[in-house]
Amino acid sequence: MMMSDDRNFRYFYYEKVGFRGVEEKKSLDILLTEKPNDLLSKLSAFAHRFPIPGMYRKLIWKLLLDVMTVNELQSNSVDNSFVCREQLHHCYDLRRALEIMLYTDNSTGHSKLMVLMYFLEFAELNINIDKQFQTNEVKDLLMISDVFAKEFIDDKNKAEDNIDDIYWLFRNLISTVRNNFYALIDTYEKFINCLAQEDRSLHCHLVKIGIIKVQTNQIPTNSCVKLNYKKYNTEEYRPIITWFVRFYAGIIDHHCLIRIFDKVIGALIYGNRPFAVLGSLGKAVLSQLRTELLNMNTCEDITKRLLTPLTLEQSEEVVIKALTP
């Protein structure tokens, strides 16, 4: 009886954290084997609802982020496909160009290399990259790229092959987020409004200290404007917006964070509210830090606390709370 109770408790705990296992893995196996016509829609729903098993994560992210097509999956020749070869050649050209310009060398880390490749590809690379890499926007990208590096890049294997493969995941995620940046800002503003209604004391305290400021950005309705993320001055929203634009990278422990990435990527393509989980997670984090924040009286102290990484135990608690209906 005690063994049964212990099993039920552990199953409940793992379910809340996002590690359910056997049933979901079987469902995923069936989907990937049968490859139905609405495969992407079903994978999107799966990723948004359940944790993706580590052995399938890269493949499913590739499909959802349009790095590879369902046709390539059906052909069973993913690694040798024309698209795959062109992607690898493209990455090689980017890496080679950065080396020639002396922006990178053998000591350049994986995270920084992916960001540099992205900037070069989209003509965003400044001459003074040291200054550019001191900006909050680049720090945000470095945090996100570090999640990809930790999750997928194996230092034991050839680094170039790993980078070329993972760069496209990072590239397409950032591009998709930028195209939906209005929704990210909208999620943040709804989160702040919700805080004002549900915890007026904490909201007023953060406004008084200067953590929450009166916003001047307006959410545009014109679809052309929506696509230009640079229309939004995220500095007006710091420091709390940092959680949202980084998907809590650098705040939530990686072992819990990857579940949040699953949900966002799952909702980005076919979801009406792709960033909703970020608002739920923000509520959980503020709830845990509430007492500390109310006892702090300077903007510097509160900012530092908001951007300090949570422990694994704290991360588990806030993720469980955020994912509980």
# chains A, B, ... in the order shown; residues from 1 in each chain; ligands from 1
$ residues_around --residues "stretch 80-89 of chain A" --least-positions-apart "2" --cutoff "8 Å" --atoms "only C-alpha atoms" --output "list in words"
Met68, Glu72, Ser77, Val78, Cys91, Tyr92, Asp93, Asp164, Asp165 and Trp168 of chain A
$ write_last_selection --atoms "N, CA, C and O atoms" --output "short mmCIF file (atom, residue, chain, number, x, y, z; two decimals), in the first residue's frame"
data_model
loop_
_atom_site.label_atom_id
_atom_site.label_comp_id
_atom_site.auth_asym_id
_atom_site.auth_seq_id
_atom_site.Cartn_x
_atom_site.Cartn_y
_atom_site.Cartn_z
N MET A 68 13.01 21.69 -41.20
CA MET A 68 12.82 20.60 -42.14
C MET A 68 11.33 20.43 -42.39
O MET A 68 10.49 20.87 -41.58
N GLU A 72 10.40 15.79 -46.10
CA GLU A 72 11.72 15.25 -45.83
C GLU A 72 11.64 14.11 -44.82
O GLU A 72 12.35 13.11 -44.94
N SER A 77 15.15 10.42 -45.58
CA SER A 77 16.52 10.76 -45.99
C SER A 77 16.85 12.18 -45.56
O SER A 77 17.32 12.98 -46.34
N VAL A 78 16.53 12.47 -44.31
CA VAL A 78 16.65 13.83 -43.79
C VAL A 78 18.07 14.37 -43.92
O VAL A 78 18.30 15.46 -44.43
N CYS A 91 25.68 27.58 -43.55
CA CYS A 91 26.34 27.78 -42.26
C CYS A 91 27.86 27.84 -42.42
O CYS A 91 28.53 28.64 -41.76
N TYR A 92 28.38 26.99 -43.28
CA TYR A 92 29.83 27.01 -43.52
C TYR A 92 30.25 28.37 -44.05
O TYR A 92 31.28 28.93 -43.62
N ASP A 93 29.49 28.91 -44.99
CA ASP A 93 29.81 30.23 -45.56
C ASP A 93 29.79 31.31 -44.48
O ASP A 93 30.64 32.21 -44.46
N ASP A 164 26.22 23.85 -37.03
CA ASP A 164 25.48 24.01 -38.27
C ASP A 164 24.07 23.44 -38.15
O ASP A 164 23.11 23.99 -38.71
N ASP A 165 23.94 22.34 -37.43
CA ASP A 165 22.64 21.72 -37.26
C ASP A 165 21.74 22.54 -36.36
O ASP A 165 20.56 22.76 -36.65
N TRP A 168 20.19 26.49 -37.23
CA TRP A 168 18.92 26.71 -37.91
C TRP A 168 17.73 26.71 -36.96
O TRP A 168 16.73 27.40 -37.17
#
$ residues_around --residues "stretch 191-194 of chain A" --least-positions-apart "4" --cutoff "8 Å" --atoms "only C-alpha atoms" --output "PyMOL selection string"
chain A and resi 187+198+279+282-283
$ atom_distance --atom1 "atom CA of A:Leu116" --atom2 "atom CA of A:Val277"
28.8 Å
$ closest_residue --among "A:Leu293, A:Thr298, A:Tyr167, A:Asp66" --to "A:Leu94" --atoms "only C-alpha atoms"
A:Tyr167
$ atom_distance --atom1 "atom CA of A:Ala267" --atom2 "atom CA of A:Ser280"
14.5 Å
$ select_by_dssp --residues "stretch 26-264 of chain A" --states "helix (DSSP H, G or I)" --output "count of residues only"
168
